[in-house]
file my_file-v1.txt (compact mmCIF, C-alpha atoms)
# COMPACT_ATOMS: atom_id res chain seq x y z
CA MET A 422 -52.67 106.20 51.56
CA THR A 423 -54.78 107.97 48.98
CA GLY A 424 -55.76 106.70 45.59
CA ALA A 425 -53.48 109.07 43.73
CA GLY A 426 -54.07 108.54 40.05
CA THR A 427 -57.46 106.93 39.76
CA THR A 428 -57.66 106.76 35.99
CA SER A 429 -58.06 103.44 34.26
CA PRO A 430 -54.92 101.64 33.07
CA ARG A 431 -53.90 102.59 29.59
CA GLY A 432 -52.45 99.93 27.34
CA GLY A 433 -51.72 99.41 23.69
CA GLY A 434 -51.68 102.13 21.03
CA SER A 435 -48.86 104.39 19.92
CA GLU A 436 -47.98 105.41 23.51
CA THR A 437 -47.18 101.81 24.42
CA GLN A 438 -45.12 101.38 21.26
CA ARG A 439 -43.17 104.57 21.95
CA ASP A 440 -42.34 103.51 25.53
CA THR A 441 -41.34 100.03 24.37
CA GLN A 442 -38.99 101.47 21.79
CA LEU A 443 -37.38 103.72 24.42
CA TRP A 444 -36.28 100.92 26.65
CA HIS A 445 -35.51 98.41 23.92
CA ARG A 446 -32.77 100.55 22.35
CA PRO A 447 -29.77 100.53 24.72
CA SER A 448 -27.54 102.40 22.25
CA THR A 449 -25.69 104.34 24.93
CA PRO A 450 -25.23 103.82 28.67
CA PRO A 451 -26.89 106.20 31.13
CA SER A 452 -25.07 109.53 31.26
CA THR A 453 -26.03 110.71 34.73
CA ILE A 454 -23.84 108.50 36.90
CA GLY A 455 -21.37 111.25 37.69
CA PRO A 456 -17.94 112.68 36.94
CA TRP A 457 -16.26 110.08 39.16
CA LEU A 458 -16.36 107.56 36.31
CA PRO A 459 -12.91 106.59 35.02
CA GLU A 460 -11.57 107.13 31.52
CA GLY A 461 -9.30 104.88 29.45
CA GLU A 462 -9.61 101.11 29.28
CA LEU A 463 -11.54 100.83 32.53
CA GLY A 464 -14.07 103.41 31.40
CA LEU A 465 -14.55 101.61 28.09
CA ALA A 466 -15.03 98.29 29.88
CA LEU A 467 -17.62 99.79 32.20
CA SER A 468 -19.47 101.42 29.31
CA ALA A 469 -19.58 98.10 27.49
CA GLY A 470 -20.81 96.41 30.66
CA LEU A 471 -23.55 98.97 31.11
CA LEU A 472 -24.78 98.35 27.58
CA ARG A 473 -25.04 94.66 28.41
CA VAL A 474 -26.94 95.54 31.59
CA GLU A 475 -29.33 97.82 29.68
CA SER A 476 -30.05 95.11 27.14
CA ALA A 477 -30.65 92.54 29.87
CA LEU A 478 -32.89 94.97 31.76
CA ALA A 479 -34.98 95.51 28.64
CA THR A 480 -35.44 91.76 28.34
CA ALA A 481 -36.25 91.42 32.03
CA VAL A 482 -39.07 93.99 32.03
CA ALA A 483 -40.66 92.72 28.81
CA SER A 484 -43.86 90.71 28.96
CA ASP A 485 -46.19 88.98 26.52
CA HIS A 486 -48.84 91.43 27.72
CA ALA A 487 -48.42 94.91 26.26
CA PHE A 488 -49.66 96.80 29.29
CA VAL A 489 -47.40 94.87 31.69
CA SER A 490 -44.43 95.73 29.47
CA GLU A 491 -45.48 99.37 29.40
CA ALA A 492 -45.87 99.63 33.16
CA ALA A 493 -42.70 97.65 33.96
CA GLY A 494 -40.66 99.69 31.49
CA HIS A 495 -42.04 103.02 32.68
CA LEU A 496 -39.26 103.91 35.14
CA MET A 497 -36.58 102.40 32.91
CA ALA A 498 -37.63 104.74 30.13
CA ALA A 499 -37.45 107.67 32.56
CA GLY A 500 -33.71 107.06 33.02
CA GLY A 501 -31.74 106.84 36.24
CA LYS A 502 -28.16 106.71 37.45
CA ARG A 503 -27.76 102.91 37.25
CA PHE A 504 -25.56 103.43 40.30
CA ARG A 505 -25.98 99.90 41.63
CA PRO A 506 -25.18 98.09 38.37
CA MET A 507 -22.20 100.39 37.83
CA LEU A 508 -20.81 99.55 41.27
CA ALA A 509 -21.25 95.84 40.59
CA LEU A 510 -19.46 96.16 37.25
CA LEU A 511 -16.68 98.22 38.80
CA ALA A 512 -16.13 95.73 41.64
CA ALA A 513 -16.02 92.92 39.07
CA GLN A 514 -13.12 94.62 37.29
CA LEU A 515 -10.89 93.50 40.16
CA SER A 516 -11.16 89.98 38.77
CA ASP A 517 -13.14 88.56 35.82
CA GLY A 518 -15.17 91.59 34.75
CA GLU A 519 -16.51 89.79 31.69
CA ALA A 520 -18.34 87.06 33.61
CA ASP A 521 -21.96 86.69 32.48
CA GLU A 522 -23.03 86.19 36.08
CA VAL A 523 -21.83 89.70 36.92
CA VAL A 524 -24.24 91.25 34.43
CA ALA A 525 -27.10 89.06 35.65
CA ALA A 526 -26.39 90.03 39.27
CA ALA A 527 -26.19 93.71 38.33
CA VAL A 528 -29.60 93.42 36.65
CA VAL A 529 -31.03 91.74 39.76
CA CYS A 530 -29.91 94.68 41.88
CA GLU A 531 -31.34 97.27 39.49
CA LEU A 532 -34.64 95.42 39.15
CA THR A 533 -34.89 95.28 42.93
CA HIS A 534 -34.17 99.00 43.15
CA LEU A 535 -36.77 99.82 40.48
CA ALA A 536 -39.36 97.67 42.22
CA THR A 537 -38.86 99.53 45.49
CA LEU A 538 -39.38 102.85 43.67
CA TYR A 539 -42.82 101.75 42.45
CA HIS A 540 -43.78 100.81 46.00
CA ASP A 541 -42.21 103.93 47.54
CA ASP A 542 -44.19 106.20 45.23
CA VAL A 543 -47.43 104.62 46.41
CA MET A 544 -46.49 104.98 50.07
CA ASP A 545 -45.30 108.56 49.56
CA GLU A 546 -48.27 109.43 47.32
CA ALA A 547 -45.71 110.78 44.86
CA SER A 548 -46.82 112.27 41.57
CA VAL A 549 -43.45 112.53 39.82
CA ARG A 550 -40.47 110.20 39.56
CA ARG A 551 -37.35 111.01 37.52
CA GLY A 552 -39.08 113.96 35.92
CA ALA A 553 -41.97 111.85 34.63
CA PRO A 554 -45.38 111.00 36.11
CA SER A 555 -45.02 108.26 38.70
CA ALA A 556 -46.70 104.96 37.91
CA ASN A 557 -49.29 105.45 40.64
CA SER A 558 -50.29 108.87 39.30
CA ARG A 559 -50.23 107.76 35.67
CA TRP A 560 -52.33 104.70 36.38
CA THR A 561 -53.37 103.64 39.90
CA ASN A 562 -51.81 102.64 43.20
CA SER A 563 -52.76 99.03 42.50
CA VAL A 564 -50.98 99.06 39.14
CA ALA A 565 -47.84 100.53 40.73
CA ILE A 566 -47.78 97.94 43.53
CA LEU A 567 -48.33 95.03 41.17
CA THR A 568 -45.70 96.33 38.77
CA GLY A 569 -43.20 96.45 41.60
CA ASP A 570 -44.14 92.86 42.46
CA PHE A 571 -43.65 91.87 38.82
CA LEU A 572 -40.12 93.30 38.88
CA PHE A 573 -39.32 91.49 42.13
CA ALA A 574 -40.50 88.28 40.46
CA ARG A 575 -38.26 88.84 37.44
CA ALA A 576 -35.31 89.53 39.75
CA SER A 577 -36.03 86.26 41.59
CA ASP A 578 -36.10 84.37 38.30
CA LEU A 579 -32.62 85.64 37.43
CA LEU A 580 -31.39 84.85 40.93
CA ALA A 581 -32.39 81.22 40.60
CA ASP A 582 -29.67 80.78 37.98
CA LEU A 583 -27.03 82.39 40.22
CA GLY A 584 -27.17 79.75 42.93
CA PRO A 585 -28.54 79.30 46.46
CA GLU A 586 -26.00 81.63 48.10
CA ALA A 587 -27.07 84.51 45.85
CA VAL A 588 -30.71 83.77 46.68
CA ARG A 589 -29.85 83.83 50.39
CA VAL A 590 -27.96 87.13 50.11
CA GLN A 591 -30.82 88.70 48.17
CA ALA A 592 -33.36 87.43 50.71
CA LYS A 593 -31.40 89.05 53.55
CA THR A 594 -31.12 92.25 51.52
CA PHE A 595 -34.85 92.27 50.83
CA GLU A 596 -35.51 91.72 54.52
CA ARG A 597 -33.45 94.81 55.32
CA LEU A 598 -35.21 96.85 52.63
CA VAL A 599 -38.59 95.99 54.10
CA THR A 600 -37.38 96.48 57.67
CA GLY A 601 -36.02 99.90 56.79
CA GLN A 602 -39.30 100.88 55.16
CA LEU A 603 -41.27 99.66 58.16
CA ARG A 604 -39.01 101.56 60.58
CA GLU A 605 -39.38 104.71 58.50
CA THR A 606 -43.15 104.31 58.35
CA VAL A 607 -43.54 103.70 62.09
CA GLY A 608 -40.93 106.27 63.12
CA ALA A 609 -38.57 106.28 66.06
CA ARG A 610 -39.87 104.44 69.11
CA PRO A 611 -40.24 106.18 72.48
CA GLY A 612 -36.78 106.81 73.92
CA GLU A 613 -35.01 106.04 70.63
CA ASP A 614 -32.61 108.68 69.33
CA ARG A 615 -34.15 110.08 66.13
CA VAL A 616 -30.79 110.64 64.44
CA ASP A 617 -29.66 107.07 65.13
CA HIS A 618 -33.05 105.83 63.90
CA TYR A 619 -32.74 107.87 60.72
CA LEU A 620 -29.23 106.63 59.92
CA GLY A 621 -30.34 103.06 60.61
CA VAL A 622 -33.22 103.47 58.17
CA LEU A 623 -30.83 104.76 55.50
CA ALA A 624 -28.50 101.81 56.08
CA ASP A 625 -31.39 99.37 55.57
CA LYS A 626 -33.30 101.16 52.79
CA THR A 627 -30.32 102.32 50.72
CA GLY A 628 -27.04 100.97 52.05
CA SER A 629 -28.07 97.30 52.05
CA LEU A 630 -28.78 97.07 48.31
CA VAL A 631 -25.72 99.12 47.35
CA ALA A 632 -23.67 96.77 49.55
CA THR A 633 -25.16 93.74 47.80
CA SER A 634 -24.39 95.27 44.40
CA ALA A 635 -20.70 95.58 45.29
CA ARG A 636 -20.73 92.12 46.87
CA PHE A 637 -22.30 90.44 43.87
CA GLY A 638 -19.95 92.15 41.42
CA ALA A 639 -16.84 91.08 43.29
CA ALA A 640 -18.08 87.59 44.18
CA PHE A 641 -19.33 86.59 40.73
CA ALA A 642 -16.11 87.89 39.16
CA GLY A 643 -14.19 85.48 41.41
CA ALA A 644 -12.52 87.99 43.74
CA PRO A 645 -11.01 86.69 47.02
CA ASP A 646 -13.29 86.52 50.05
CA GLU A 647 -11.48 89.27 51.94
CA LEU A 648 -11.95 91.62 49.00
CA VAL A 649 -15.65 90.74 48.73
CA THR A 650 -16.05 91.52 52.45
CA ALA A 651 -14.28 94.88 52.15
CA LEU A 652 -16.30 95.93 49.10
CA THR A 653 -19.56 94.91 50.75
CA ALA A 654 -18.77 97.20 53.70
CA PHE A 655 -17.67 99.92 51.28
CA GLY A 656 -20.98 99.64 49.42
CA GLU A 657 -23.08 100.04 52.55
CA GLU A 658 -21.20 103.13 53.74
CA VAL A 659 -21.02 104.83 50.36
CA GLY A 660 -24.71 104.01 49.85
CA VAL A 661 -25.68 105.82 53.05
CA ALA A 662 -23.41 108.70 52.02
CA PHE A 663 -25.13 108.92 48.65
CA GLN A 664 -28.56 109.15 50.27
CA LEU A 665 -27.34 111.75 52.74
CA SER A 666 -25.97 113.82 49.86
CA ASP A 667 -29.35 113.56 48.09
CA ASP A 668 -31.00 114.89 51.25
CA LEU A 669 -28.57 117.80 51.48
CA ILE A 670 -28.95 118.62 47.78
CA ASP A 671 -32.69 118.98 48.39
CA ILE A 672 -31.80 121.84 50.74
CA VAL A 673 -28.79 123.52 49.14
CA SER A 674 -29.71 123.17 45.47
CA GLU A 675 -31.01 126.33 43.84
CA GLY A 676 -32.23 124.64 40.68
CA GLY A 677 -33.56 121.22 41.62
CA ALA A 678 -30.38 119.24 40.93
CA SER A 679 -31.89 116.36 42.91
CA GLY A 680 -34.63 115.94 40.27
CA LYS A 681 -37.23 117.66 42.43
CA LEU A 682 -37.89 121.22 43.52
CA PRO A 683 -35.59 122.43 46.32
CA GLY A 684 -37.13 121.95 49.73
CA THR A 685 -39.53 119.22 48.65
CA ASP A 686 -38.79 117.26 51.82
CA LEU A 687 -39.70 120.31 53.91
CA ARG A 688 -43.04 120.69 52.14
CA GLU A 689 -43.83 117.03 52.71
CA GLY A 690 -42.79 117.10 56.36
CA ILE A 691 -39.93 114.63 55.81
CA ALA A 692 -37.36 115.22 58.54
CA THR A 693 -33.97 114.57 56.98
CA LEU A 694 -30.73 114.76 58.97
CA PRO A 695 -30.30 118.58 59.07
CA VAL A 696 -33.89 118.99 60.29
CA LEU A 697 -33.44 116.26 62.91
CA PHE A 698 -30.33 118.03 64.22
CA ALA A 699 -32.25 121.30 64.37
CA LEU A 700 -35.20 119.74 66.20
CA ALA A 701 -32.92 117.99 68.72
CA GLY A 702 -30.90 121.12 69.46
CA ASP A 703 -31.44 124.01 71.81
CA ASP A 704 -29.38 126.69 70.04
CA PRO A 705 -31.28 129.98 70.44
CA ALA A 706 -30.08 130.96 66.97
CA GLU A 707 -32.16 128.10 65.54
CA ALA A 708 -35.32 128.69 67.58
CA ARG A 709 -37.23 130.06 64.58
CA LEU A 710 -35.97 127.21 62.40
CA ARG A 711 -37.22 124.64 64.93
CA GLU A 712 -40.59 126.33 64.98
CA LEU A 713 -40.89 126.23 61.20
CA VAL A 714 -39.73 122.62 60.61
CA ALA A 715 -41.79 121.02 63.38
CA GLY A 716 -44.12 119.78 60.63
CA PRO A 717 -44.76 120.16 56.89
CA VAL A 718 -43.90 123.68 55.68
CA VAL A 719 -46.61 124.36 53.11
CA ASP A 720 -46.92 128.15 53.25
CA ASP A 721 -44.72 129.59 50.48
CA ALA A 722 -43.31 132.41 52.58
CA GLU A 723 -42.55 130.14 55.54
CA HIS A 724 -41.06 127.54 53.20
CA ALA A 725 -38.68 130.10 51.72
CA GLU A 726 -37.76 131.29 55.22
CA ALA A 727 -37.14 127.76 56.50
CA LEU A 728 -35.02 126.89 53.50
CA ALA A 729 -32.90 130.03 53.92
CA LEU A 730 -32.43 129.37 57.64
CA LEU A 731 -31.46 125.75 57.01
CA ARG A 732 -28.90 126.69 54.38
CA SER A 733 -27.01 128.88 56.86
CA SER A 734 -27.58 126.71 59.94
CA ALA A 735 -25.20 124.86 62.21
CA SER A 736 -27.51 121.86 61.79
CA LEU A 737 -26.74 121.72 58.07
CA ALA A 738 -23.03 121.90 58.90
CA ARG A 739 -23.43 118.99 61.35
CA ALA A 740 -25.24 116.92 58.73
CA THR A 741 -22.50 117.68 56.21
CA ALA A 742 -19.94 116.45 58.73
CA VAL A 743 -21.85 113.16 59.04
CA LEU A 744 -21.84 112.84 55.25
CA ASN A 745 -18.08 113.39 55.21
CA ASP A 746 -17.64 110.79 57.94
CA TYR A 747 -19.51 108.11 55.94
CA ALA A 748 -17.49 108.94 52.83
CA ASP A 749 -14.24 108.73 54.81
CA ARG A 750 -15.26 105.40 56.33
CA ALA A 751 -16.04 104.05 52.87
CA ARG A 752 -12.70 105.26 51.55
CA ALA A 753 -10.90 103.56 54.44
CA ARG A 754 -12.30 100.21 53.26
CA LEU A 755 -10.29 100.60 50.06
CA VAL A 756 -7.09 99.73 51.89
CA ALA A 757 -7.99 96.13 51.05
CA VAL A 758 -8.34 96.92 47.32
CA PRO A 759 -5.21 96.63 45.15
CA GLU A 760 -3.84 99.92 43.90
CA GLY A 761 -4.86 100.78 40.37
CA PRO A 762 -7.69 102.29 38.30
CA VAL A 763 -10.51 100.47 40.13
CA ARG A 764 -9.37 101.67 43.53
CA GLU A 765 -8.93 105.18 42.15
CA ALA A 766 -12.47 105.14 40.72
CA LEU A 767 -13.95 103.93 44.01
CA SER A 768 -12.05 106.65 45.87
CA ALA A 769 -13.31 109.21 43.36
CA LEU A 770 -16.84 108.04 44.12
CA CYS A 771 -16.29 108.83 47.81
CA THR A 772 -15.17 112.33 46.84
CA TYR A 773 -18.09 112.77 44.44
CA VAL A 774 -20.79 111.95 47.00
CA VAL A 775 -19.47 114.83 49.10
CA THR A 776 -18.70 117.41 46.42
CA ARG A 777 -22.00 116.93 44.58
CA THR A 778 -23.68 118.86 47.41
CA SER A 779 -21.55 121.95 46.74
call {"tool": "encode", "arguments": {"input": "my_file-v1.txt", "output": "structure tokens"}}
result
Amino acid sequence: MTGAGTTSPRGGGSETQRDTQLWHRPSTPPSTIGPWLPEGELGLALSAGLLRVESALATAVASDHAFVSEAAGHLMAAGGKRFRPMLALLAAQLSDGEADEVVAAAVVCELTHLATLYHDDVMDEASVRRGAPSANSRWTNSVAILTGDFLFARASDLLADLGPEAVRVQAKTFERLVTGQLRETVGARPGEDRVDHYLGVLADKTGSLVATSARFGAAFAGAPDELVTALTAFGEEVGVAFQLSDDLIDIVSEGGASGKLPGTDLREGIATLPVLFALAGDDPAEARLRELVAGPVVDDAEHAEALALLRSSASLARATAVLNDYADRARARLVAVPEGPVREALSALCTYVVTRTS
């Protein structure tokens, strides 16, 4: 781990005031969640719920110390999909969608997600997050780590008011987040299938918190236990699907729709599912591809070649089939959800996670 961003912390001044104003004015909900969002009364209810979440998030990241507020609000100001709060709010619409606990639980999930991003950027030595300088590059690794810890603390404070069962669920979720990160860092063990390892990491690092978001939304709205169980399983599977689609977009996107330059994972030597399929295969047609993606592809000409080969490869097609399978499995969980706008929106989400890679 390098000391990316070794400048001294910057606090106070007009820059701090500008950042504070950005995340203290939740006048409109985030606009990047996707075209799967419903219209009509349900859409209006979700928009209103998101405004409540944004306001509560602004309160949660604020501190009496100006620099702490600036650092904690940094990624909030940069935007984001608010995918996890939206799923919690949507699940809550199956019962009492106006419950205050639903908003608090949605904020807990988003704070947890934001905290992991601060830590991930340090581990990945990232310089950009959401189109803005990452906290570790803007300040220091230490500032980024401590800011993530601060957000975890604020999430825990909110959890305390939601009861011991919520604390227990969050603790189990946090355990899976850390386990997934550890497994990713260490890599597949000798004899372990690398594809199975990769999908297990995604389930822990991404699926677990998305599952908890759906679970909290349904549970705190007062939905029946069988519905909470179905939506929790739905959340895990659609969460893995969403991460898989992000990985595929990094390959197929021509213009950086994933928020980063196409092929960033290749340059960094991150073996996502299509690369793992290529490396595990013995198709003579992919021999050159296997040679190129055996490690980081830093040479510009080789990077362009590898990206072109991946885009037309059978390995990409296999990875797309896995994405479709996770989306289909998530959609199958909706059998337990009553017919109506909420079920239609959740089904549209399953379609969206697949079609967004096109």
call {"tool": "closest_residue", "arguments": {"input": "my_file-v1.txt", "among": "A:Ser779, A:Thr594, A:Thr537, A:Thr685", "to": "A:Glu657", "atoms": "only C-alpha atoms"}}
result
A:Thr594
call {"tool": "residues_around", "arguments": {"input": "my_file-v1.txt", "residues": "stretch 623-636 of chain A", "least_positions_apart": "6", "cutoff": "9 Å", "atoms": "all atoms listed in the file", "output": "PyMOL selection string"}}
result
chain A and resi 504-513+526-527+529-531+533-534+590-591+594-602+649-665
call {"tool": "residues_around", "arguments": {"input": "my_file-v1.txt", "residues": "A:Ile672", "least_positions_apart": "5", "cutoff": "10 Å", "atoms": "all atoms listed in the file", "output": "PyMOL selection string"}}
result
chain A and resi 666-667+677+679+682-687+693+695+727-729+731-732+737+778
call {"tool": "closest_residue", "arguments": {"input": "my_file-v1.txt", "among": "A:Phe641, A:Tyr619, A:Tyr539, A:Tyr747", "to": "A:Phe698", "atoms": "only C-alpha atoms"}}
result
A:Tyr619
call {"tool": "closest_residue", "arguments": {"input": "my_file-v1.txt", "among": "A:Ser484, A:Leu515, A:Ser468, A:Glu462", "to": "A:Glu760", "atoms": "only C-alpha atoms"}}
result
A:Leu515
call {"tool": "residues_around", "arguments": {"input": "my_file-v1.txt", "residues": "A:Val482", "least_positions_apart": "6", "cutoff": "8 Å", "atoms": "all atoms listed in the file", "output": "JSON, numbers by chain"}}
result
{"A": [490, 493, 494, 572, 575]}
call {"tool": "atom_distance", "arguments": {"input": "my_file-v1.txt", "atom1": "atom CA of A:Leu744", "atom2": "atom CA of A:Trp457"}}
result
17.3 Å
call {"tool": "atom_distance", "arguments": {"input": "my_file-v1.txt", "atom1": "atom CA of A:Gly761", "atom2": "atom CA of A:Gly461"}}
result
12.5 Å
call {"tool": "atom_distance", "arguments": {"input": "my_file-v1.txt", "atom1": "atom CA of A:Phe637", "atom2": "atom CA of A:Gly464"}}
result
19.8 Å
call {"tool": "closest_residue", "arguments": {"input": "my_file-v1.txt", "among": "A:Asp746, A:Glu605, A:Glu726, A:Glu522", "to": "A:Arg473", "atoms": "all atoms listed in the file"}}
result
A:Glu522
call {"tool": "closest_residue", "arguments": {"input": "my_file-v1.txt", "among": "A:Ala553, A:Val616, A:Val673, A:Ala499", "to": "A:Leu700", "atoms": "all atoms listed in the file"}}
result
A:Val616
call {"tool": "residues_around", "arguments": {"input": "my_file-v1.txt", "residues": "A:Ser516", "least_positions_apart": "4", "cutoff": "7 Å", "atoms": "only C-alpha atoms", "output": "PyMOL selection string"}}
result
chain A and resi 642-644
call {"tool": "write_last_selection", "arguments": {"input": "my_file-v1.txt", "atoms": "C-alpha atoms", "output": "compact mmCIF listing (two decimals), in the frame of the given file"}}
result
# COMPACT_ATOMS: atom_id res chain seq x y z
CA ALA A 642 -16.11 87.89 39.16
CA GLY A 643 -14.19 85.48 41.41
CA ALA A 644 -12.52 87.99 43.74
call {"tool": "decode", "arguments": {"input": "my_file-v1.txt", "residues": "stretch 515-524 of chain A", "atoms": "all heavy atoms", "output": "JSON list (two decimals), in the first residue's frame"}}
result
[["chain", "number", "residue", "atom", "x", "y", "z"],
["A", 515, "LEU", "N", -44.11, -2.08, 0.27],
["A", 515, "LEU", "CA", -45.01, -3.24, 0.37],
["A", 515, "LEU", "C", -45.78, -3.23, 1.68],
["A", 515, "LEU", "O", -46.69, -4.04, 1.87],
["A", 515, "LEU", "CB", -44.20, -4.54, 0.25],
["A", 515, "LEU", "CG", -43.63, -4.79, -1.15],
["A", 515, "LEU", "CD1", -42.56, -5.88, -1.09],
["A", 515, "LEU", "CD2", -44.74, -5.16, -2.13],
["A", 516, "SER", "N", -45.43, -2.32, 2.58],
["A", 516, "SER", "CA", -46.16, -2.20, 3.84],
["A", 516, "SER", "C", -46.20, -0.72, 4.22],
["A", 516, "SER", "O", -46.70, 0.09, 3.45],
["A", 516, "SER", "CB", -45.49, -3.04, 4.93],
["A", 516, "SER", "OG", -46.32, -3.15, 6.06],
["A", 517, "ASP", "N", -45.64, -0.34, 5.36],
["A", 517, "ASP", "CA", -45.67, 1.06, 5.80],
["A", 517, "ASP", "C", -44.43, 1.79, 5.31],
["A", 517, "ASP", "O", -43.43, 1.90, 6.02],
["A", 517, "ASP", "CB", -45.77, 1.13, 7.32],
["A", 517, "ASP", "CG", -45.84, 2.57, 7.84],
["A", 517, "ASP", "OD1", -46.00, 3.50, 7.01],
["A", 517, "ASP", "OD2", -45.73, 2.76, 9.06],
["A", 518, "GLY", "N", -44.51, 2.32, 4.09],
["A", 518, "GLY", "CA", -43.37, 2.99, 3.49],
["A", 518, "GLY", "C", -43.02, 4.31, 4.13],
["A", 518, "GLY", "O", -41.95, 4.87, 3.84],
["A", 519, "GLU", "N", -43.87, 4.84, 4.99],
["A", 519, "GLU", "CA", -43.61, 6.12, 5.63],
["A", 519, "GLU", "C", -42.92, 6.00, 6.98],
["A", 519, "GLU", "O", -42.63, 7.00, 7.62],
["A", 519, "GLU", "CB", -44.94, 6.88, 5.83],
["A", 519, "GLU", "CG", -45.68, 7.20, 4.53],
["A", 519, "GLU", "CD", -44.88, 8.12, 3.64],
["A", 519, "GLU", "OE1", -44.31, 9.10, 4.15],
["A", 519, "GLU", "OE2", -44.79, 7.85, 2.43],
["A", 520, "ALA", "N", -42.65, 4.79, 7.42],
["A", 520, "ALA", "CA", -42.07, 4.58, 8.75],
["A", 520, "ALA", "C", -40.71, 5.27, 8.85],
["A", 520, "ALA", "O", -39.85, 5.12, 7.98],
["A", 520, "ALA", "CB", -41.93, 3.09, 9.04],
["A", 521, "ASP", "N", -40.52, 6.01, 9.95],
["A", 521, "ASP", "CA", -39.24, 6.72, 10.15],
["A", 521, "ASP", "C", -38.06, 5.75, 10.21],
["A", 521, "ASP", "O", -36.95, 6.08, 9.79],
["A", 521, "ASP", "CB", -39.30, 7.54, 11.44],
["A", 521, "ASP", "CG", -40.24, 8.73, 11.33],
["A", 521, "ASP", "OD1", -40.51, 9.17, 10.19],
["A", 521, "ASP", "OD2", -40.70, 9.22, 12.38],
["A", 522, "GLU", "N", -38.32, 4.55, 10.76],
["A", 522, "GLU", "CA", -37.24, 3.58, 10.89],
["A", 522, "GLU", "C", -36.70, 3.15, 9.53],
["A", 522, "GLU", "O", -35.53, 2.79, 9.40],
["A", 522, "GLU", "CB", -37.72, 2.36, 11.67],
["A", 522, "GLU", "CG", -38.05, 2.61, 13.13],
["A", 522, "GLU", "CD", -39.46, 3.14, 13.33],
["A", 522, "GLU", "OE1", -40.17, 3.38, 12.32],
["A", 522, "GLU", "OE2", -39.86, 3.31, 14.50],
["A", 523, "VAL", "N", -37.56, 3.17, 8.52],
["A", 523, "VAL", "CA", -37.12, 2.78, 7.17],
["A", 523, "VAL", "C", -36.05, 3.75, 6.67],
["A", 523, "VAL", "O", -35.03, 3.33, 6.12],
["A", 523, "VAL", "CB", -38.32, 2.72, 6.20],
["A", 523, "VAL", "CG1", -37.83, 2.55, 4.76],
["A", 523, "VAL", "CG2", -39.26, 1.60, 6.59],
["A", 524, "VAL", "N", -36.29, 5.03, 6.85],
["A", 524, "VAL", "CA", -35.32, 6.04, 6.41],
["A", 524, "VAL", "C", -34.03, 5.88, 7.19],
["A", 524, "VAL", "O", -32.93, 5.91, 6.61],
["A", 524, "VAL", "CB", -35.89, 7.46, 6.58],
["A", 524, "VAL", "CG1", -34.80, 8.51, 6.32],
["A", 524, "VAL", "CG2", -37.06, 7.67, 5.62]]
